[in-house]
Amino acid sequence: MQEKVAIITGGAQGIGRATTLALARDGAAVLVADRDESAAHDLVAGIRSWGGHAAACIADVSLEADAARIAADCVGTFGGIDILVNNAGIQRPGNVESTPLELWNATIGVNLTGVYLVSRFVIPEMRRRGSGAIVNVASLHGLLTEPGWSAYAASKGGVVSLSRAMALDYAAEGIRVNCVCPGAIDTSLLRSTASLEDAQHPEAVLKRWAAEQPIGRLGTPEEVAALILFLVGPQASFITGSVYSVDGGLGAGF
Ligand code: NAI
């Protein structure tokens with residue numbers, strides 16, 4: 001990844017943080033695009049402290065002006081863009097009746113429109129470089145789902161389809177687009193979902209979920225980052241338009 005420049009949306013925590021660190025350790029310059037200012041600045045300071053190249057862009061991917069600023073900041077700071085990981089996401093439960101329109105719009109806005117918006121401003125910069133690699137982080141909920149996740153499943157199903165559409169649109173220009181669908185990964189997002197299910201005993205909920213995975217445990221952010229690192233790297237040069245699960249086997253059965 002030496003000489004490569006990467007943007008990671010939602011790059012300050014969880015799967016995005018692990019991806020940012022994996023890319024930076026491999027030599028890439030990383031732009032952490034996140035709306036959490038302190039987490040983004042802490043991560044950037046940490047990477048710089050061991051000599052890595054990192055910058056923060058405090059932005060909300062669901063806003064057009066912020067998406068434009070993410071691409072412009074990256075070009076201004078590092079001179080171009082080679083890699084984009086569209087990872088920022090939010091997750092709240094609800095069926096169509098219990099999901100207020102505001103929550104529906106927020107979920108689609110961050111999880112799906114955010115992928116479209118940031119890609120829209122980044123792709124012209126990849127074209128200028130003559131190549132690029134994009135990974136969109138969807139979810140197992142984009143392929144299969146369970147009761148009570150209507151907005152989230154709809155947004156992630158959209159990300160799976162959008163990834164395929166983008167791959168076909170830009171393959172001839174050397175811009176590869178792939179999609180990663182994590183299962184249950186131990187992050188603050190999963191932990192807050194566990195708290196919603198049982199505020200008194202979130203650890204017990206996490207333990208139950210871990211036992212429900214075919215592999216017998218939750219995944220780690222680093223296990224998702226490893227797949228993303230492969231997909232944006234040179235060894236994945238013939239891979240585009242593909243959708244990969246990293247889910248401990250959960251999507252293999254029913
Ligand atoms: P997390 O909550 O630990 O981290 C998400 C990061 O995204 C945070 O730093 C947050 O500040 C940032 N973010 C949220 N909304 C944003 C916005 N509008 N603009 C910019 N930054 C924003 O979440 P986690 O678990 O690391 O999730 C990352 C991605 O992986 C999400 O797209 C999520 O839907 C997906 N995913 C996670 C799974 C899990 O079990 N943790 C399972 C399947 C998919």
# chains A, B, ... in the order shown; residues from 1 in each chain; ligands from 1
>>> closest_atom_pairs(of="chain A", to="ligand 1", cutoff="8 Å", atoms="only C-alpha atoms and all ligand atoms", output="tab-separated table")
residue	atom	partner	partner_atom_place_in_ligand_line	distance
A:Thr9	CA	ligand 1	21 (N)	5.9
A:Gly10	CA	ligand 1	7 (O)	3.2
A:Gly11	CA	ligand 1	9 (O)	5.8
A:Ala12	CA	ligand 1	9 (O)	4.4
A:Gln13	CA	ligand 1	9 (O)	4.0
A:Gly14	CA	ligand 1	26 (O)	3.4
A:Ile15	CA	ligand 1	26 (O)	3.8
A:Gly16	CA	ligand 1	26 (O)	5.6
A:Arg17	CA	ligand 1	26 (O)	7.4
A:Ala33	CA	ligand 1	20 (C)	6.2
A:Asp34	CA	ligand 1	21 (N)	3.7
A:Arg35	CA	ligand 1	20 (C)	4.4
A:Asp36	CA	ligand 1	11 (O)	4.5
A:Ala39	CA	ligand 1	9 (O)	7.0
A:Ala40	CA	ligand 1	9 (O)	7.5
A:Ile58	CA	ligand 1	20 (C)	7.5
A:Ala59	CA	ligand 1	20 (C)	5.5
A:Asp60	CA	ligand 1	19 (N)	3.4
A:Val61	CA	ligand 1	19 (N)	4.2
A:Ser62	CA	ligand 1	18 (N)	5.4
A:Leu63	CA	ligand 1	18 (N)	8.0
A:Asn86	CA	ligand 1	32 (O)	7.7
A:Asn87	CA	ligand 1	32 (O)	4.7
A:Ala88	CA	ligand 1	7 (O)	4.1
A:Gly89	CA	ligand 1	32 (O)	3.4
A:Ile90	CA	ligand 1	34 (O)	5.5
A:Gln91	CA	ligand 1	34 (O)	6.1
A:Gly109	CA	ligand 1	18 (N)	7.8
A:Val110	CA	ligand 1	18 (N)	4.8
A:Asn111	CA	ligand 1	32 (O)	6.3
A:Gly114	CA	ligand 1	18 (N)	7.2
A:Val137	CA	ligand 1	32 (O)	5.5
A:Ala138	CA	ligand 1	44 (C)	5.6
A:Ser139	CA	ligand 1	44 (C)	3.9
A:Leu140	CA	ligand 1	43 (C)	6.0
A:His141	CA	ligand 1	43 (C)	7.1
A:Tyr152	CA	ligand 1	34 (O)	7.9
A:Lys156	CA	ligand 1	34 (O)	7.6
A:Cys181	CA	ligand 1	43 (C)	6.1
A:Pro182	CA	ligand 1	43 (C)	4.2
A:Gly183	CA	ligand 1	42 (C)	4.7
A:Ala184	CA	ligand 1	40 (O)	3.7
A:Ile185	CA	ligand 1	40 (O)	3.7
A:Asp186	CA	ligand 1	41 (N)	5.7
A:Thr187	CA	ligand 1	3 (O)	4.6
A:Ser188	CA	ligand 1	3 (O)	4.3
A:Leu189	CA	ligand 1	2 (O)	3.9
A:Leu190	CA	ligand 1	41 (N)	4.9
A:Gly219	CA	ligand 1	40 (O)	7.8
A:Pro221	CA	ligand 1	26 (O)	6.9
>>> residues_around(residues="A:Gly130", least_positions_apart="2", cutoff="10 Å", atoms="only C-alpha atoms", output="compact mmCIF listing (two decimals) with all heavy atoms, in the first residue's frame")
# COMPACT_ATOMS: atom_id res chain seq x y z
N ASP A 82 -6.78 6.78 -4.19
CA ASP A 82 -6.68 5.45 -4.83
C ASP A 82 -7.72 4.48 -4.29
O ASP A 82 -8.13 3.56 -4.98
CB ASP A 82 -5.29 4.84 -4.57
CG ASP A 82 -4.18 5.74 -5.06
OD1 ASP A 82 -4.06 5.91 -6.28
OD2 ASP A 82 -3.44 6.29 -4.21
N PRO A 124 -14.34 10.69 -9.78
CA PRO A 124 -13.59 11.53 -10.73
C PRO A 124 -12.10 11.64 -10.38
O PRO A 124 -11.24 11.71 -11.28
CB PRO A 124 -14.28 12.90 -10.61
CG PRO A 124 -15.64 12.60 -10.11
CD PRO A 124 -15.49 11.40 -9.22
N GLU A 125 -11.79 11.60 -9.09
CA GLU A 125 -10.38 11.66 -8.67
C GLU A 125 -9.66 10.35 -9.00
O GLU A 125 -8.48 10.36 -9.35
CB GLU A 125 -10.28 11.98 -7.17
CG GLU A 125 -10.89 13.30 -6.77
CD GLU A 125 -10.24 14.49 -7.51
OE1 GLU A 125 -9.07 14.39 -7.92
OE2 GLU A 125 -10.94 15.51 -7.69
N MET A 126 -10.36 9.22 -8.86
CA MET A 126 -9.76 7.92 -9.23
C MET A 126 -9.53 7.89 -10.74
O MET A 126 -8.51 7.39 -11.22
CB MET A 126 -10.67 6.78 -8.80
CG MET A 126 -10.75 6.62 -7.30
SD MET A 126 -11.83 5.25 -6.84
CE MET A 126 -11.32 4.99 -5.13
N ARG A 127 -10.49 8.42 -11.48
CA ARG A 127 -10.34 8.47 -12.95
C ARG A 127 -9.08 9.26 -13.33
O ARG A 127 -8.35 8.88 -14.22
CB ARG A 127 -11.59 9.12 -13.55
CG ARG A 127 -11.56 9.20 -15.08
CD ARG A 127 -12.84 9.78 -15.63
NE ARG A 127 -13.98 8.90 -15.38
CZ ARG A 127 -15.08 9.27 -14.70
NH1 ARG A 127 -15.19 10.48 -14.20
NH2 ARG A 127 -16.06 8.42 -14.53
N ARG A 128 -8.84 10.35 -12.63
CA ARG A 128 -7.64 11.15 -12.89
C ARG A 128 -6.36 10.33 -12.68
O ARG A 128 -5.37 10.52 -13.36
CB ARG A 128 -7.60 12.35 -11.92
CG ARG A 128 -7.89 13.68 -12.62
CD ARG A 128 -7.80 14.81 -11.64
NE ARG A 128 -9.07 14.98 -10.96
CZ ARG A 128 -10.04 15.81 -11.35
NH1 ARG A 128 -9.87 16.57 -12.33
NH2 ARG A 128 -11.19 15.90 -10.73
N GLY A 132 -8.59 2.69 -9.42
CA GLY A 132 -9.10 2.88 -8.06
C GLY A 132 -9.72 1.60 -7.54
O GLY A 132 -10.02 0.68 -8.32
N GLU A 173 -12.77 1.46 -16.69
CA GLU A 173 -11.85 2.55 -16.33
C GLU A 173 -10.84 2.13 -15.27
O GLU A 173 -10.11 2.97 -14.73
CB GLU A 173 -12.64 3.76 -15.83
CG GLU A 173 -13.53 4.35 -16.91
CD GLU A 173 -14.15 5.67 -16.46
OE1 GLU A 173 -13.48 6.69 -16.58
OE2 GLU A 173 -15.28 5.63 -15.95
N GLY A 174 -10.85 0.85 -14.93
CA GLY A 174 -9.87 0.35 -13.96
C GLY A 174 -10.25 0.64 -12.51
O GLY A 174 -9.41 0.56 -11.61
N ILE A 175 -11.53 0.97 -12.30
CA ILE A 175 -11.98 1.21 -10.92
C ILE A 175 -12.80 -0.01 -10.49
O ILE A 175 -13.85 -0.30 -11.07
CB ILE A 175 -12.83 2.50 -10.84
CG1 ILE A 175 -11.97 3.70 -11.25
CG2 ILE A 175 -13.40 2.69 -9.43
CD1 ILE A 175 -12.74 5.00 -11.42
>>> closest_residue(among="A:Ala153, A:Leu231, A:Ala194, A:Ile81", to="A:Ala210", atoms="only C-alpha atoms")
A:Ala194
>>> closest_residue(among="A:Ala28, A:Leu143, A:Met166, A:Ala204", to="A:Gly251", atoms="only C-alpha atoms")
A:Leu143
>>> residues_around(residues="A:Phe78", least_positions_apart="5", cutoff="12 Å", atoms="only C-alpha atoms", output="MDAnalysis selection string")
chainID A and resid 3:7 28:31 53:56 70:73 125
>>> atom_distance(atom1="atom CA of A:Thr113", atom2="atom CA of A:Ser161")
12.7 Å
>>> closest_residue(among="A:Cys57, A:Ile8, A:Val135, A:Leu103", to="A:Ala151", atoms="only C-alpha atoms")
A:Leu103
>>> residues_around(residues="A:Val232", least_positions_apart="6", cutoff="8 Å", atoms="only C-alpha atoms", output="list in words")
Ile83, Ala133, Ile134 and Val135 of chain A
>>> residues_around(residues="A:Tyr116", least_positions_apart="4", cutoff="9 Å", atoms="only C-alpha atoms", output="ChimeraX atom specification")
/A:112,120-121,159,162
>>> select_by_dssp(residues="stretch 120-222 of chain A", states="strand (DSSP E)", output="PyMOL selection string")
chain A and resi 132-137+175-182
>>> write_last_selection(atoms="N, CA, C and O atoms", output="PDB file, in the first residue's frame")
ATOM      1  N   GLY A 132      -8.592   2.690  -9.425  1.00  0.00           N
ATOM      2  CA  GLY A 132      -9.098   2.880  -8.061  1.00  0.00           C
ATOM      3  C   GLY A 132      -9.719   1.599  -7.542  1.00  0.00           C
ATOM      4  O   GLY A 132     -10.021   0.676  -8.317  1.00  0.00           O
ATOM      5  N   ALA A 133      -9.870   1.525  -6.231  1.00  0.00           N
ATOM      6  CA  ALA A 133     -10.523   0.359  -5.617  1.00  0.00           C
ATOM      7  C   ALA A 133     -11.465   0.853  -4.525  1.00  0.00           C
ATOM      8  O   ALA A 133     -11.067   1.641  -3.664  1.00  0.00           O
ATOM      9  N   ILE A 134     -12.702   0.390  -4.615  1.00  0.00           N
ATOM     10  CA  ILE A 134     -13.731   0.782  -3.638  1.00  0.00           C
ATOM     11  C   ILE A 134     -14.263  -0.480  -2.971  1.00  0.00           C
ATOM     12  O   ILE A 134     -14.521  -1.478  -3.645  1.00  0.00           O
ATOM     13  N   VAL A 135     -14.407  -0.426  -1.663  1.00  0.00           N
ATOM     14  CA  VAL A 135     -15.153  -1.476  -0.943  1.00  0.00           C
ATOM     15  C   VAL A 135     -16.302  -0.811  -0.199  1.00  0.00           C
ATOM     16  O   VAL A 135     -16.096   0.153   0.557  1.00  0.00           O
ATOM     17  N   ASN A 136     -17.487  -1.301  -0.439  1.00  0.00           N
ATOM     18  CA  ASN A 136     -18.663  -0.839   0.292  1.00  0.00           C
ATOM     19  C   ASN A 136     -18.994  -1.854   1.378  1.00  0.00           C
ATOM     20  O   ASN A 136     -19.122  -3.051   1.098  1.00  0.00           O
ATOM     21  N   VAL A 137     -19.121  -1.379   2.603  1.00  0.00           N
ATOM     22  CA  VAL A 137     -19.441  -2.284   3.711  1.00  0.00           C
ATOM     23  C   VAL A 137     -20.968  -2.329   3.858  1.00  0.00           C
ATOM     24  O   VAL A 137     -21.590  -1.344   4.264  1.00  0.00           O
ATOM     25  N   ILE A 175     -11.525   0.966 -12.302  1.00  0.00           N
ATOM     26  CA  ILE A 175     -11.983   1.210 -10.923  1.00  0.00           C
ATOM     27  C   ILE A 175     -12.802  -0.014 -10.492  1.00  0.00           C
ATOM     28  O   ILE A 175     -13.848  -0.302 -11.073  1.00  0.00           O
ATOM     29  N   ARG A 176     -12.277  -0.733  -9.490  1.00  0.00           N
ATOM     30  CA  ARG A 176     -12.946  -1.943  -9.012  1.00  0.00           C
ATOM     31  C   ARG A 176     -13.835  -1.611  -7.813  1.00  0.00           C
ATOM     32  O   ARG A 176     -13.469  -0.764  -6.989  1.00  0.00           O
ATOM     33  N   VAL A 177     -14.988  -2.258  -7.762  1.00  0.00           N
ATOM     34  CA  VAL A 177     -15.924  -2.019  -6.649  1.00  0.00           C
ATOM     35  C   VAL A 177     -16.402  -3.362  -6.113  1.00  0.00           C
ATOM     36  O   VAL A 177     -16.954  -4.181  -6.863  1.00  0.00           O
ATOM     37  N   ASN A 178     -16.169  -3.604  -4.836  1.00  0.00           N
ATOM     38  CA  ASN A 178     -16.641  -4.843  -4.212  1.00  0.00           C
ATOM     39  C   ASN A 178     -17.407  -4.528  -2.932  1.00  0.00           C
ATOM     40  O   ASN A 178     -17.378  -3.395  -2.440  1.00  0.00           O
ATOM     41  N   CYS A 179     -18.085  -5.544  -2.437  1.00  0.00           N
ATOM     42  CA  CYS A 179     -18.969  -5.347  -1.287  1.00  0.00           C
ATOM     43  C   CYS A 179     -18.654  -6.401  -0.225  1.00  0.00           C
ATOM     44  O   CYS A 179     -18.469  -7.576  -0.552  1.00  0.00           O
ATOM     45  N   VAL A 180     -18.590  -5.970   1.016  1.00  0.00           N
ATOM     46  CA  VAL A 180     -18.327  -6.870   2.138  1.00  0.00           C
ATOM     47  C   VAL A 180     -19.546  -6.878   3.058  1.00  0.00           C
ATOM     48  O   VAL A 180     -20.077  -5.817   3.403  1.00  0.00           O
ATOM     49  N   CYS A 181     -19.969  -8.074   3.424  1.00  0.00           N
ATOM     50  CA  CYS A 181     -21.152  -8.219   4.280  1.00  0.00           C
ATOM     51  C   CYS A 181     -20.758  -8.869   5.607  1.00  0.00           C
ATOM     52  O   CYS A 181     -20.699 -10.103   5.707  1.00  0.00           O
ATOM     53  N   PRO A 182     -20.486  -8.056   6.628  1.00  0.00           N
ATOM     54  CA  PRO A 182     -20.144  -8.660   7.916  1.00  0.00           C
ATOM     55  C   PRO A 182     -21.360  -9.269   8.605  1.00  0.00           C
ATOM     56  O   PRO A 182     -22.500  -8.824   8.402  1.00  0.00           O
TER      57      PRO A 182
END
>>> residues_around(residues="stretch 247-250 of chain A", least_positions_apart="2", cutoff="6 Å", atoms="only C-alpha atoms", output="list of chain:residue names")
A:Pro182, A:Gly183, A:Gln213, A:Pro214, A:Ile215, A:Ser245, A:Ala252
>>> atom_distance(atom1="atom CA of A:Glu203", atom2="atom CA of A:Arg191")
8.3 Å
>>> closest_residue(among="A:Ala172, A:Val246, A:Val115, A:His201", to="A:Thr220", atoms="only C-alpha atoms")
A:Val246
>>> atom_distance(atom1="atom CA of A:Gln2", atom2="atom CA of A:Asp26")
6.9 Å
>>> decode(residues="stretch 191-208 of chain A", atoms="N, CA and C atoms", output="PDB file, in the first residue's frame")
ATOM      1  N   ARG A 191     -22.770  -3.570  20.352  1.00  0.00           N
ATOM      2  CA  ARG A 191     -22.995  -3.459  21.795  1.00  0.00           C
ATOM      3  C   ARG A 191     -24.194  -2.555  22.101  1.00  0.00           C
ATOM      4  N   SER A 192     -24.385  -1.503  21.300  1.00  0.00           N
ATOM      5  CA  SER A 192     -25.558  -0.651  21.575  1.00  0.00           C
ATOM      6  C   SER A 192     -26.839  -1.370  21.169  1.00  0.00           C
ATOM      7  N   THR A 193     -26.767  -2.224  20.151  1.00  0.00           N
ATOM      8  CA  THR A 193     -27.940  -3.032  19.785  1.00  0.00           C
ATOM      9  C   THR A 193     -28.264  -4.016  20.910  1.00  0.00           C
ATOM     10  N   ALA A 194     -27.226  -4.592  21.532  1.00  0.00           N
ATOM     11  CA  ALA A 194     -27.443  -5.511  22.655  1.00  0.00           C
ATOM     12  C   ALA A 194     -28.089  -4.775  23.827  1.00  0.00           C
ATOM     13  N   SER A 195     -27.682  -3.518  24.042  1.00  0.00           N
ATOM     14  CA  SER A 195     -28.275  -2.731  25.135  1.00  0.00           C
ATOM     15  C   SER A 195     -29.737  -2.409  24.858  1.00  0.00           C
ATOM     16  N   LEU A 196     -30.070  -2.206  23.566  1.00  0.00           N
ATOM     17  CA  LEU A 196     -31.474  -1.947  23.231  1.00  0.00           C
ATOM     18  C   LEU A 196     -32.319  -3.176  23.539  1.00  0.00           C
ATOM     19  N   GLU A 197     -31.736  -4.366  23.318  1.00  0.00           N
ATOM     20  CA  GLU A 197     -32.484  -5.603  23.566  1.00  0.00           C
ATOM     21  C   GLU A 197     -32.657  -5.867  25.061  1.00  0.00           C
ATOM     22  N   ASP A 198     -31.617  -5.606  25.854  1.00  0.00           N
ATOM     23  CA  ASP A 198     -31.701  -5.797  27.300  1.00  0.00           C
ATOM     24  C   ASP A 198     -30.725  -4.833  27.985  1.00  0.00           C
ATOM     25  N   ALA A 199     -31.261  -3.678  28.387  1.00  0.00           N
ATOM     26  CA  ALA A 199     -30.410  -2.616  28.950  1.00  0.00           C
ATOM     27  C   ALA A 199     -29.699  -3.075  30.220  1.00  0.00           C
ATOM     28  N   GLN A 200     -30.325  -4.004  30.980  1.00  0.00           N
ATOM     29  CA  GLN A 200     -29.731  -4.459  32.243  1.00  0.00           C
ATOM     30  C   GLN A 200     -28.599  -5.460  32.015  1.00  0.00           C
ATOM     31  N   HIS A 201     -28.742  -6.274  30.966  1.00  0.00           N
ATOM     32  CA  HIS A 201     -27.783  -7.375  30.788  1.00  0.00           C
ATOM     33  C   HIS A 201     -27.262  -7.453  29.349  1.00  0.00           C
ATOM     34  N   PRO A 202     -26.662  -6.381  28.852  1.00  0.00           N
ATOM     35  CA  PRO A 202     -26.165  -6.431  27.455  1.00  0.00           C
ATOM     36  C   PRO A 202     -25.102  -7.498  27.235  1.00  0.00           C
ATOM     37  N   GLU A 203     -24.282  -7.770  28.284  1.00  0.00           N
ATOM     38  CA  GLU A 203     -23.228  -8.788  28.127  1.00  0.00           C
ATOM     39  C   GLU A 203     -23.836 -10.176  27.909  1.00  0.00           C
ATOM     40  N   ALA A 204     -24.982 -10.416  28.583  1.00  0.00           N
ATOM     41  CA  ALA A 204     -25.647 -11.715  28.416  1.00  0.00           C
ATOM     42  C   ALA A 204     -26.173 -11.852  26.994  1.00  0.00           C
ATOM     43  N   VAL A 205     -26.682 -10.737  26.432  1.00  0.00           N
ATOM     44  CA  VAL A 205     -27.179 -10.759  25.046  1.00  0.00           C
ATOM     45  C   VAL A 205     -26.017 -11.067  24.097  1.00  0.00           C
ATOM     46  N   LEU A 206     -24.879 -10.399  24.324  1.00  0.00           N
ATOM     47  CA  LEU A 206     -23.716 -10.633  23.456  1.00  0.00           C
ATOM     48  C   LEU A 206     -23.251 -12.093  23.547  1.00  0.00           C
ATOM     49  N   LYS A 207     -23.311 -12.638  24.746  1.00  0.00           N
ATOM     50  CA  LYS A 207     -22.889 -14.027  24.948  1.00  0.00           C
ATOM     51  C   LYS A 207     -23.814 -14.985  24.177  1.00  0.00           C
ATOM     52  N   ARG A 208     -25.125 -14.665  24.232  1.00  0.00           N
ATOM     53  CA  ARG A 208     -26.093 -15.509  23.506  1.00  0.00           C
ATOM     54  C   ARG A 208     -25.842 -15.414  22.011  1.00  0.00           C
TER      55      ARG A 208
END
